[in-house]
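Report on one structure; see the data block that follows.
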Amino acid sequence: MTEQVLTVRCKLSPTDSQAEEMEDTLKAFADACNWINQNTPANLRNKVRIQGIVYQDVRAKFGLSANLAIRAINRVASNRKTGWAFYQLKEFLSYKALTAGVPLVLVDPAYSSQTCHQCGEHGIRNGKSFKCPVCGWSGDADFNGAKNIAFLGRYVDRPGGSEGLPSIKAVLSGLLKAPIFRPE
Ligand SMILES: [Zn+2]
């Protein structure tokens, strides 16, 4: 007897009530993370110790399942190692993207700021300005980075993925390794 494995790809199209429910859960999760962050010593990064302090309260206050409560605690612990402001922005975008059914692409800033958006070659960033030694484009470094990110966004969710990218693909192959969070 052979076992058949089927892979199904589908686009998330939640009904209004499902979207609302997801948004509520994600909101509770985000609120719980903020609350845990505010109610435990800021330099405490050990998740087991954080859990010991807030686990019961998190479950009671935010109505999270045991699994989600633990995940919120772990999230806080790991984000104390990487930076909270960035985490909050990412979290906000994640749940907006999830409820809207669109993928969220995280782009490594190193790629977007060192790549020329005109020709895709490696350029030179000097403070606020960017200069491409290959095509000669020069201008605002943030503008250049934003153009690269917008370019990636237009291609990443096409059927067929990055296939058919124009010549700029050499550099964007780096960008395209960026993790994409798709709602499951
Ligand atoms: Zn260039």
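For the structure tokens, the naming scheme is as follows: chains receive sequential letters (A, B, ...) according to their order of presentation, residues are indexed from 1 within each chain, and ligands are indexed from 1 in presentation order.
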
With the cut-off set at 7 Å and counting only C-alpha atoms and all ligand atoms, tabulate each residue of chain A with an atom at most that distance from an atom of ligand 1, showing the nearest atom pair and its distance in Å to one decimal, ordered by chain and increasing number, as CSV.
```
residue,atom,partner,partner_atom_place_in_ligand_line,distance
A:Cys116,CA,ligand 1,1 (Zn),4.6
A:His117,CA,ligand 1,1 (Zn),6.6
A:Gln118,CA,ligand 1,1 (Zn),5.0
A:Cys119,CA,ligand 1,1 (Zn),4.1
A:Gly120,CA,ligand 1,1 (Zn),6.0
A:Glu121,CA,ligand 1,1 (Zn),5.5
A:Gly123,CA,ligand 1,1 (Zn),6.8
A:Cys132,CA,ligand 1,1 (Zn),4.6
A:Pro133,CA,ligand 1,1 (Zn),6.7
A:Val134,CA,ligand 1,1 (Zn),5.1
A:Cys135,CA,ligand 1,1 (Zn),4.0
A:Gly136,CA,ligand 1,1 (Zn),5.9
A:Trp137,CA,ligand 1,1 (Zn),5.5
```

Find the spatial neighbours of range 60-74 of chain A, counting only C-alpha atoms, within a cut-off of 9 Å - ignore same-chain residues fewer than 5 positions away - and output them as a ChimeraX atom specification. /A:25,28-33,36-37,46-48,50-51,54-55,79

Would you pick out the contacts of Asn126 in chain A at 12 Å or less, using only C-alpha atoms, so that residues sharing its chain but fewer than 5 positions from it are not included, and give the list as a list in words? Ser113, Gln114, Lys131, Cys132, Ser138, Gly139, Asp140, Ala141 and Asp142 of chain A

Deliver the residues from the most recent selection as a file, using N, CA and C atoms, as a PDB file, in the first residue's frame.
```pdb
ATOM      1  N   SER A 113      20.260  48.219   2.316  1.00  0.00           N
ATOM      2  CA  SER A 113      20.976  49.496   2.344  1.00  0.00           C
ATOM      3  C   SER A 113      22.276  49.465   1.555  1.00  0.00           C
ATOM      4  N   GLN A 114      22.737  48.276   1.193  1.00  0.00           N
ATOM      5  CA  GLN A 114      24.001  48.216   0.454  1.00  0.00           C
ATOM      6  C   GLN A 114      23.807  47.945  -1.031  1.00  0.00           C
ATOM      7  N   LYS A 131      25.970  55.841  -2.897  1.00  0.00           N
ATOM      8  CA  LYS A 131      26.523  56.038  -4.224  1.00  0.00           C
ATOM      9  C   LYS A 131      26.854  54.689  -4.844  1.00  0.00           C
ATOM     10  N   CYS A 132      26.415  54.535  -6.090  1.00  0.00           N
ATOM     11  CA  CYS A 132      26.670  53.280  -6.785  1.00  0.00           C
ATOM     12  C   CYS A 132      27.857  53.446  -7.726  1.00  0.00           C
ATOM     13  N   SER A 138      23.371  58.233  -7.365  1.00  0.00           N
ATOM     14  CA  SER A 138      23.660  58.620  -5.990  1.00  0.00           C
ATOM     15  C   SER A 138      22.471  59.363  -5.422  1.00  0.00           C
ATOM     16  N   GLY A 139      22.280  59.268  -4.135  1.00  0.00           N
ATOM     17  CA  GLY A 139      21.145  59.928  -3.510  1.00  0.00           C
ATOM     18  C   GLY A 139      20.991  59.505  -2.065  1.00  0.00           C
ATOM     19  N   ASP A 140      19.794  59.738  -1.561  1.00  0.00           N
ATOM     20  CA  ASP A 140      19.508  59.455  -0.158  1.00  0.00           C
ATOM     21  C   ASP A 140      19.545  57.942   0.116  1.00  0.00           C
ATOM     22  N   ALA A 141      20.276  57.560   1.146  1.00  0.00           N
ATOM     23  CA  ALA A 141      20.463  56.135   1.445  1.00  0.00           C
ATOM     24  C   ALA A 141      19.162  55.450   1.866  1.00  0.00           C
ATOM     25  N   ASP A 142      18.333  56.154   2.606  1.00  0.00           N
ATOM     26  CA  ASP A 142      17.065  55.549   3.032  1.00  0.00           C
ATOM     27  C   ASP A 142      16.100  55.385   1.862  1.00  0.00           C
TER      28      ASP A 142
END
```

Please extract the residues of range 56-108 of chain A with a backbone DSSP assignment of helix (DSSP H, G or I) and present them as a PyMOL selection string. chain A and resi 56-62+66-82+84-100
